[in-house]
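As provided, protein-v6.cif (mmCIF, C-alpha atoms) reads as follows.
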```
data_structure
loop_
_atom_site.label_atom_id
_atom_site.label_comp_id
_atom_site.auth_asym_id
_atom_site.auth_seq_id
_atom_site.Cartn_x
_atom_site.Cartn_y
_atom_site.Cartn_z
CA MET O 1 0.00 0.00 0.00
CA THR O 2 1.44 3.38 -0.92
CA LYS O 3 1.46 6.18 1.61
CA LYS O 4 -0.87 9.07 0.71
CA LYS O 5 1.05 12.29 0.02
CA LEU O 6 0.06 15.32 2.09
CA PRO O 7 -0.62 18.62 0.29
CA THR O 8 2.43 20.96 0.32
CA LYS O 9 0.94 23.30 2.97
CA ASP O 10 0.24 20.42 5.36
CA ARG O 11 3.65 18.90 4.70
CA LYS O 12 5.31 22.20 5.55
CA LYS O 13 3.29 22.46 8.76
CA GLU O 14 4.27 18.90 9.74
CA ASP O 15 7.94 19.63 8.98
CA ILE O 16 7.86 22.74 11.18
CA LYS O 17 6.18 20.79 13.97
CA ARG O 18 8.80 18.05 13.74
CA LEU O 19 11.61 20.62 13.81
CA VAL O 20 10.23 22.25 16.98
CA ILE O 21 9.67 18.86 18.63
CA GLU O 22 13.29 17.89 17.98
CA ARG O 23 14.51 21.20 19.42
CA ILE O 24 12.44 20.71 22.57
CA LYS O 25 13.52 17.04 22.89
CA ALA O 26 17.15 18.17 22.87
CA GLY O 27 16.48 20.57 25.75
CA SER O 28 16.85 20.44 29.51
CA ARG O 29 14.53 18.58 31.88
CA ASP O 30 15.04 21.35 34.46
CA LEU O 31 13.55 24.14 32.37
CA ARG O 32 9.97 25.34 32.97
CA ILE O 33 7.88 27.78 30.96
CA ALA O 34 5.18 29.68 32.84
CA VAL O 35 2.37 31.12 30.76
CA GLY O 36 -0.52 32.52 32.71
CA SER O 37 -1.41 30.19 35.55
CA LYS O 38 0.07 27.14 33.81
CA THR O 39 3.60 25.83 34.00
CA PHE O 40 5.01 23.47 31.39
CA ASN O 41 7.92 21.05 31.56
CA LYS O 42 9.59 19.25 28.67
CA THR O 43 7.02 16.44 28.60
CA SER O 44 3.98 18.71 28.75
CA ILE O 45 5.47 21.07 26.14
CA LEU O 46 5.93 18.11 23.77
CA GLN O 47 2.38 16.89 24.47
CA SER O 48 0.96 20.34 23.74
CA ILE O 49 2.84 20.55 20.44
CA GLN O 50 1.67 17.06 19.45
CA LYS O 51 -1.94 17.91 20.33
CA GLU O 52 -1.63 21.33 18.66
CA ASP O 53 -3.43 22.99 21.57
CA SER O 54 -3.15 26.75 22.10
CA PHE O 55 0.08 26.51 24.13
CA GLY O 56 1.61 24.07 21.64
CA ARG O 57 0.78 26.41 18.76
CA GLN O 58 2.28 29.31 20.71
CA ILE O 59 5.54 27.43 21.30
CA VAL O 60 5.77 26.58 17.60
CA GLU O 61 5.11 30.25 16.73
CA ALA O 62 7.75 31.45 19.24
CA GLN O 63 10.36 28.98 17.98
CA ILE O 64 9.75 29.64 14.30
CA SER O 65 9.66 33.43 14.58
CA TYR O 66 12.89 33.24 16.61
CA LEU O 67 14.61 31.07 13.99
CA LYS O 68 13.41 33.32 11.14
CA ASP O 69 14.55 36.48 12.95
CA LEU O 70 17.87 34.84 13.80
CA ALA O 71 18.41 33.86 10.15
CA SER O 72 17.42 37.29 8.84
CA GLY O 73 19.64 39.06 11.36
CA LYS O 74 16.68 40.94 12.88
CA ILE O 75 17.63 39.74 16.34
CA TYR O 76 21.00 41.46 16.06
CA GLN O 77 19.62 44.75 14.81
CA ASP O 78 19.12 47.71 17.13
CA GLU O 79 15.52 48.80 17.45
CA MET V 80 -0.10 62.34 43.96
CA SER V 81 3.61 62.18 43.15
CA LYS V 82 6.14 59.82 44.74
CA LYS V 83 3.62 57.09 45.41
CA ILE V 84 3.49 53.65 43.86
CA LEU V 85 1.06 50.79 44.26
CA ILE V 86 2.36 47.28 43.66
CA THR V 87 0.21 44.15 43.49
CA ARG V 88 2.08 40.87 43.85
CA PRO V 89 0.03 37.76 44.54
CA ASN V 90 1.87 34.50 45.15
CA HIS V 91 -0.60 31.67 44.69
CA ASP V 92 1.31 29.56 42.11
CA ASP V 93 4.83 29.12 40.73
CA ALA V 94 4.63 31.98 38.23
CA THR V 95 3.20 34.52 40.68
CA ARG V 96 5.70 33.36 43.35
CA TYR V 97 8.52 34.34 40.98
CA LEU V 98 6.87 37.71 40.27
CA PHE V 99 6.28 38.21 44.01
CA CYS V 100 9.91 37.58 44.94
CA TRP V 101 11.45 39.55 42.09
CA SER V 102 9.16 42.53 42.80
CA LYS V 103 10.93 42.91 46.16
CA LEU V 104 13.85 44.39 44.23
CA VAL V 105 11.53 46.99 42.70
CA ILE V 106 10.18 47.90 46.13
CA LYS V 107 13.72 48.40 47.44
CA ALA V 108 14.57 50.64 44.49
CA ALA V 109 11.35 52.65 44.82
CA VAL V 110 12.04 53.26 48.52
CA LYS V 111 15.58 54.30 47.64
CA ASN V 112 14.07 56.73 45.13
CA HIS V 113 11.98 58.20 47.99
CA PHE V 114 8.68 56.66 46.93
CA GLN V 115 5.94 55.73 49.33
CA VAL V 116 5.19 52.11 48.39
CA PHE V 117 1.75 50.55 48.81
CA ASP V 118 2.63 46.88 48.68
CA LEU V 119 -0.38 44.61 48.16
CA GLY V 120 1.35 41.28 48.53
CA LYS V 121 -0.04 37.74 48.74
CA LYS V 122 -3.69 37.71 49.89
CA ASN V 123 -3.74 41.51 50.02
CA ALA V 124 -3.65 41.58 46.23
CA GLY V 125 -7.43 41.37 46.05
CA ARG V 126 -9.87 43.63 44.25
CA ASN V 127 -11.29 45.52 47.25
CA LYS V 128 -7.91 46.36 48.73
CA PHE V 129 -6.61 47.34 45.29
CA ILE V 130 -9.49 49.74 44.59
CA ASN V 131 -9.48 51.15 48.13
CA CYS V 132 -5.76 51.76 47.98
CA LEU V 133 -6.05 53.59 44.65
CA ASN V 134 -8.92 55.76 45.92
CA LYS V 135 -7.34 56.52 49.27
CA ASN V 136 -3.71 57.12 48.26
CA ASN V 137 -3.95 58.13 44.62
CA PRO V 138 -0.56 56.77 43.47
CA LYS V 139 0.60 57.92 40.05
CA ALA V 140 2.53 54.70 39.43
CA VAL V 141 0.88 51.27 39.39
CA PHE V 142 2.81 48.01 39.01
CA LEU V 143 0.60 44.98 38.47
CA ASN V 144 1.97 41.44 38.76
CA GLY V 145 -0.43 38.61 38.03
CA HIS V 146 -2.21 36.67 35.40
CA GLY V 147 -3.99 38.47 32.65
CA SER V 148 -5.74 38.33 29.34
CA GLU V 149 -6.61 40.89 26.68
CA LYS V 150 -9.18 42.51 28.95
CA ILE V 151 -8.07 41.86 32.51
CA VAL V 152 -5.30 41.74 35.06
CA SER V 153 -5.92 39.64 38.13
CA GLY V 154 -4.58 39.40 41.66
CA TYR V 155 -4.56 36.79 44.40
CA ASN V 156 -6.25 33.54 43.34
CA ASN V 157 -6.94 35.14 39.97
CA GLU V 158 -9.50 37.60 41.35
CA ILE V 159 -9.97 40.28 38.67
CA LEU V 160 -8.47 43.60 39.76
CA VAL V 161 -9.07 45.66 36.65
CA GLU V 162 -11.14 44.88 33.59
CA ALA V 163 -11.74 46.66 30.29
CA GLY V 164 -15.33 47.83 29.99
CA GLU V 165 -15.79 47.42 33.75
CA ASN V 166 -13.41 49.50 35.88
CA GLU V 167 -10.46 50.55 33.68
CA LYS V 168 -11.20 54.13 34.79
CA VAL V 169 -9.36 53.38 38.05
CA LEU V 170 -6.11 53.74 36.08
CA ALA V 171 -7.00 57.28 34.91
CA GLY V 172 -4.21 59.79 35.55
CA ARG V 173 -1.73 56.99 36.24
CA ILE V 174 1.14 55.18 34.59
CA THR V 175 0.73 51.41 34.81
CA TYR V 176 3.08 48.57 34.05
CA ALA V 177 1.29 45.20 33.90
CA ARG V 178 3.62 42.21 34.10
CA SER V 179 0.94 39.88 32.88
CA CYS V 180 -0.24 38.29 29.67
CA GLN V 181 -1.85 40.20 26.79
CA ALA V 182 -3.29 43.09 28.84
CA ALA V 183 -1.86 45.83 26.60
CA LYS V 184 -4.07 44.66 23.77
CA ILE V 185 -7.47 45.77 25.03
CA LEU V 186 -7.20 46.78 28.72
CA GLY V 187 -4.20 49.00 27.99
CA ARG V 188 -5.91 50.75 25.10
CA GLN V 189 -9.20 51.11 26.94
CA SER V 190 -7.57 52.50 30.09
CA VAL V 191 -5.75 55.15 28.04
CA LYS V 192 -9.00 56.04 26.30
CA LYS V 193 -10.52 56.50 29.76
CA GLY V 194 -7.76 58.83 30.94
CA ALA V 195 -4.73 56.74 31.92
CA VAL V 196 -1.45 58.53 31.13
CA ALA V 197 0.23 55.40 29.83
CA PHE V 198 0.12 51.63 30.02
CA ILE V 199 3.15 49.39 29.50
CA GLY V 200 2.38 45.74 28.91
CA TYR V 201 2.33 42.87 26.46
CA LEU V 202 0.29 42.39 23.29
CA LYS V 203 0.62 38.61 23.63
CA ASP V 204 1.42 36.30 26.54
CA TYR V 205 4.27 37.23 28.87
CA LEU V 206 6.58 34.22 28.92
CA LEU V 207 8.66 33.39 31.97
CA VAL V 208 11.29 30.67 31.83
CA TYR V 209 12.71 29.36 35.09
CA SER V 210 14.72 26.53 36.48
CA GLN V 211 12.78 23.88 38.39
CA SER V 212 15.74 23.27 40.68
CA HIS V 213 15.51 26.90 41.88
CA ARG V 214 11.77 27.21 42.31
CA ARG V 215 12.05 27.33 46.10
CA GLN V 216 14.48 30.24 45.84
CA PRO V 217 13.31 32.35 42.89
CA LEU V 218 15.76 35.19 43.51
CA LYS V 219 18.66 32.77 43.07
CA ASP V 220 17.32 31.60 39.71
CA LYS V 221 19.65 33.23 37.18
CA LEU V 222 17.67 31.87 34.25
CA ALA V 223 14.49 33.58 35.46
CA GLY V 224 16.55 36.69 36.16
CA LEU V 225 17.25 37.06 32.45
CA PHE V 226 13.52 37.64 32.05
CA LEU V 227 12.56 39.36 35.28
CA SER V 228 15.42 41.76 35.80
CA PRO V 229 14.77 43.69 32.55
CA SER V 230 11.07 43.89 33.34
CA ASN V 231 11.83 45.15 36.87
CA SER V 232 13.89 47.88 35.26
CA ILE V 233 10.75 49.45 33.78
CA VAL V 234 9.43 50.43 37.19
CA ILE V 235 12.86 51.14 38.63
CA SER V 236 13.48 53.59 35.74
CA LEU V 237 10.09 55.22 36.21
CA THR V 238 10.69 55.80 39.92
CA ALA V 239 14.10 57.24 39.03
CA GLY V 240 12.33 59.94 37.02
CA LYS V 241 12.64 58.49 33.51
CA THR V 242 9.86 58.87 30.95
CA VAL V 243 7.67 55.95 29.93
CA ALA V 244 9.62 55.67 26.65
CA GLU V 245 12.98 55.78 28.43
CA ALA V 246 11.85 53.11 30.92
CA ASN V 247 10.67 50.88 28.08
CA GLN V 248 13.89 51.48 26.13
CA GLU V 249 16.03 50.60 29.14
CA SER V 250 14.08 47.37 29.58
CA HIS V 251 14.51 46.53 25.89
CA ARG V 252 18.22 47.33 26.13
CA GLN V 253 18.60 44.92 29.04
CA MET V 254 16.55 42.19 27.32
CA ARG V 255 18.69 42.49 24.18
CA LYS V 256 21.87 42.40 26.27
CA ASN V 257 20.62 39.22 27.94
CA LEU V 258 19.64 37.78 24.57
CA SER V 259 23.16 38.46 23.25
CA LEU V 260 24.55 36.50 26.18
CA MET V 261 22.07 33.69 25.54
CA LEU V 262 23.18 33.50 21.90
CA SER V 263 26.88 33.56 22.73
CA SER V 264 29.30 30.72 23.31
CA LYS V 265 29.32 31.69 27.01
CA ALA V 266 25.66 30.67 27.38
CA SER V 267 24.62 27.49 29.16
CA ALA V 268 22.39 25.01 27.32
CA GLU V 269 19.40 26.22 29.38
CA GLN V 270 20.09 29.86 28.56
CA ARG V 271 20.29 29.05 24.83
CA GLU V 272 17.08 27.07 25.08
CA ALA V 273 15.26 29.99 26.72
CA ALA V 274 16.31 32.53 24.06
CA PRO V 275 13.22 32.18 21.79
CA TYR V 276 10.97 33.06 24.70
CA LEU V 277 12.90 36.19 25.71
CA TRP V 278 12.79 37.25 22.05
CA TRP V 279 9.01 36.78 22.22
CA ASN V 280 8.78 39.20 25.19
CA ILE V 281 11.00 41.72 23.38
CA LYS V 282 8.66 41.62 20.38
CA TYR V 283 5.46 42.07 22.31
CA GLN V 284 6.35 44.49 25.15
CA THR V 285 4.76 47.78 24.24
CA ILE V 286 3.64 51.23 25.35
CA ILE V 287 0.11 52.55 25.01
CA GLY V 288 -0.49 56.25 25.66
CA ASP V 289 1.87 59.10 26.43
CA SER V 290 5.45 57.89 26.02
CA LYS V 291 6.72 61.18 27.48
CA GLY V 292 4.78 60.68 30.72
CA ARG V 293 6.63 60.50 34.04
CA VAL V 294 5.59 59.43 37.52
CA VAL V 295 7.64 62.18 39.18
#
```
Taking this structure as input, can you express it in the form of structure tokens?
Amino acid sequence: MTKKKLPTKDRKKEDIKRLVIERIKAGSRDLRIAVGSKTFNKTSILQSIQKEDSFGRQIVEAQISYLKDLASGKIYQDE
Amino acid sequence: MSKKILITRPNHDDATRYLFCWSKLVIKAAVKNHFQVFDLGKKNAGRNKFINCLNKNNPKAVFLNGHGSEKIVSGYNNEILVEAGENEKVLAGRITYARSCQAAKILGRQSVKKGAVAFIGYLKDYLLVYSQSHRRQPLKDKLAGLFLSPSNSIVISLTAGKTVAEANQESHRQMRKNLSLMLSSKASAEQREAAPYLWWNIKYQTIIGDSKGRVV
């Protein structure tokens, strides 16, 4: 049975998700992220990204905008 | 009305405990800058005490620590202290810094429309990264300090007589300095890992209202 190919947009989204998951997996177990009244550790961050809940989407957005701004040099520019 | 500051700092969960502890440094600096500090800490960071303190003492500077959303900032046990469309008028004539999620988006704008001088806050969530091994001693958590020290500097600058814009600039300068460290070869793995989230705060920390306003 051949695997069904995802449309390009969905493939890109899955690639981004995988990239962020790998970055988080490589991180520290000691680190916590507090957002509002919730605190997330490595395991719960990964679960949120997998589930694509609001926190998971936010982490993906934060990671991707950081990587884009790092690549473009925006991070190093003065305001 | 000058030389008075009201600070709310609940401590009912990990995040607010960090804000509570790190706000002590702001209180020390405000006292050093000859400010009378109205410190609504722990259970005192409730709505009634907050409103009564504003009415009775009329502080020009307000520093809110707690959870928030686009329309609200809350206090102890997430009791709503100030809400857009409800009581944002209590911030009229004042300069407020809300170290809480999203509140600049609607509450900040609404409060300025209703007469607040300025509102410094975040258009999206405020992210705080800390080290689990330090959670019993937040002030010793250097990772959290990379986030909290620059945000403390907003209020410290204001009480030192800086304008809203200058206070915000100083905070941005410190965040960028910390980010440079986090991107350098001197950074620990945890510091490097936390960098995207400090960048997030840099992007979304903003001023609504009169950037030339001062609290003294």
Next item on the list: Any chance you could resolve the PyMOL selection byres ((chain V) within 8 of (chain O)) against this file and give the residues as a list of chain:residue names?
Entry: V:Asp92, V:Asp93, V:Ala94, V:His146, V:Gly147, V:Ser179, V:Cys180, V:Asp204, V:Tyr205, V:Leu206, V:Leu207, V:Val208, V:Tyr209, V:Ser210, V:Gln211, V:Ser212, V:Ala268, V:Glu269, V:Glu272, V:Pro275, V:Tyr276, V:Trp278, V:Trp279
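Shortest separation to V:Lys83 among V:Arg188, V:Lys219, V:Lys121, V:Lys135 occurs at residue V:Lys135, atoms counted being only C-alpha atoms.
The set of residues that the PyMOL selection byres ((chain V and resi 124-131) around 8) takes from this file is Thr87, Arg88, Pro89, Leu119, Gly120, Lys121, Lys122, Asn123, Cys132, Leu133, Asn134, Lys135, Gly154, Tyr155, Glu158, Ile159, Leu160, Val161 and Val169 of chain V.
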Checklist line | Contacts of V:Tyr97 at 9 Å (all atoms listed in the file; same-chain gap of 3+ positions) as a VMD selection string | finding: chain V and resid 90 92 to 94 100 to 102 209 214 216 to 218 223 227
Run the PyMOL selection byres ((chain V and resi 142) around 8) against the file shown and list the residues it catches, as a compact mmCIF listing (two decimals) with C-alpha atoms, in the coordinates of the input.
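Produced file part.txt, reproduced below:
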```
# COMPACT_ATOMS: atom_id res chain seq x y z
CA ILE V 84 3.49 53.65 43.86
CA LEU V 85 1.06 50.79 44.26
CA ILE V 86 2.36 47.28 43.66
CA THR V 87 0.21 44.15 43.49
CA ALA V 140 2.53 54.70 39.43
CA VAL V 141 0.88 51.27 39.39
CA LEU V 143 0.60 44.98 38.47
CA ASN V 144 1.97 41.44 38.76
CA THR V 175 0.73 51.41 34.81
CA TYR V 176 3.08 48.57 34.05
CA ALA V 177 1.29 45.20 33.90
CA ARG V 178 3.62 42.21 34.10
CA VAL V 234 9.43 50.43 37.19
```
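Minimum distance to V:Ala239 across V:Lys103, V:Lys193, V:Lys139, V:Arg293 (counting only C-alpha atoms) occurs at V:Arg293.
Among the candidates V:Lys82, V:His251, V:Lys192, V:His213, the residue lying nearest to V:Asn112 is V:Lys82 (atoms considered: all atoms listed in the file).
Of note, atom CA of V:Phe117 and atom CA of V:Arg252 are spaced 28.2 Å apart.
Taking atom CA of V:Gln248 and atom CA of V:Asn231 as endpoints, the distance between them is 12.6 Å.
Atom CA of O:Lys74 sits 23.3 Å away from atom CA of V:Ile233.
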Checklist line | O:Glu14 surroundings by all atoms listed in the file, 12 Å radius, close-in-sequence under 5 positions cut, as a PyMOL selection string | finding: chain O and resi 6-9+19-21+49-50+52+60
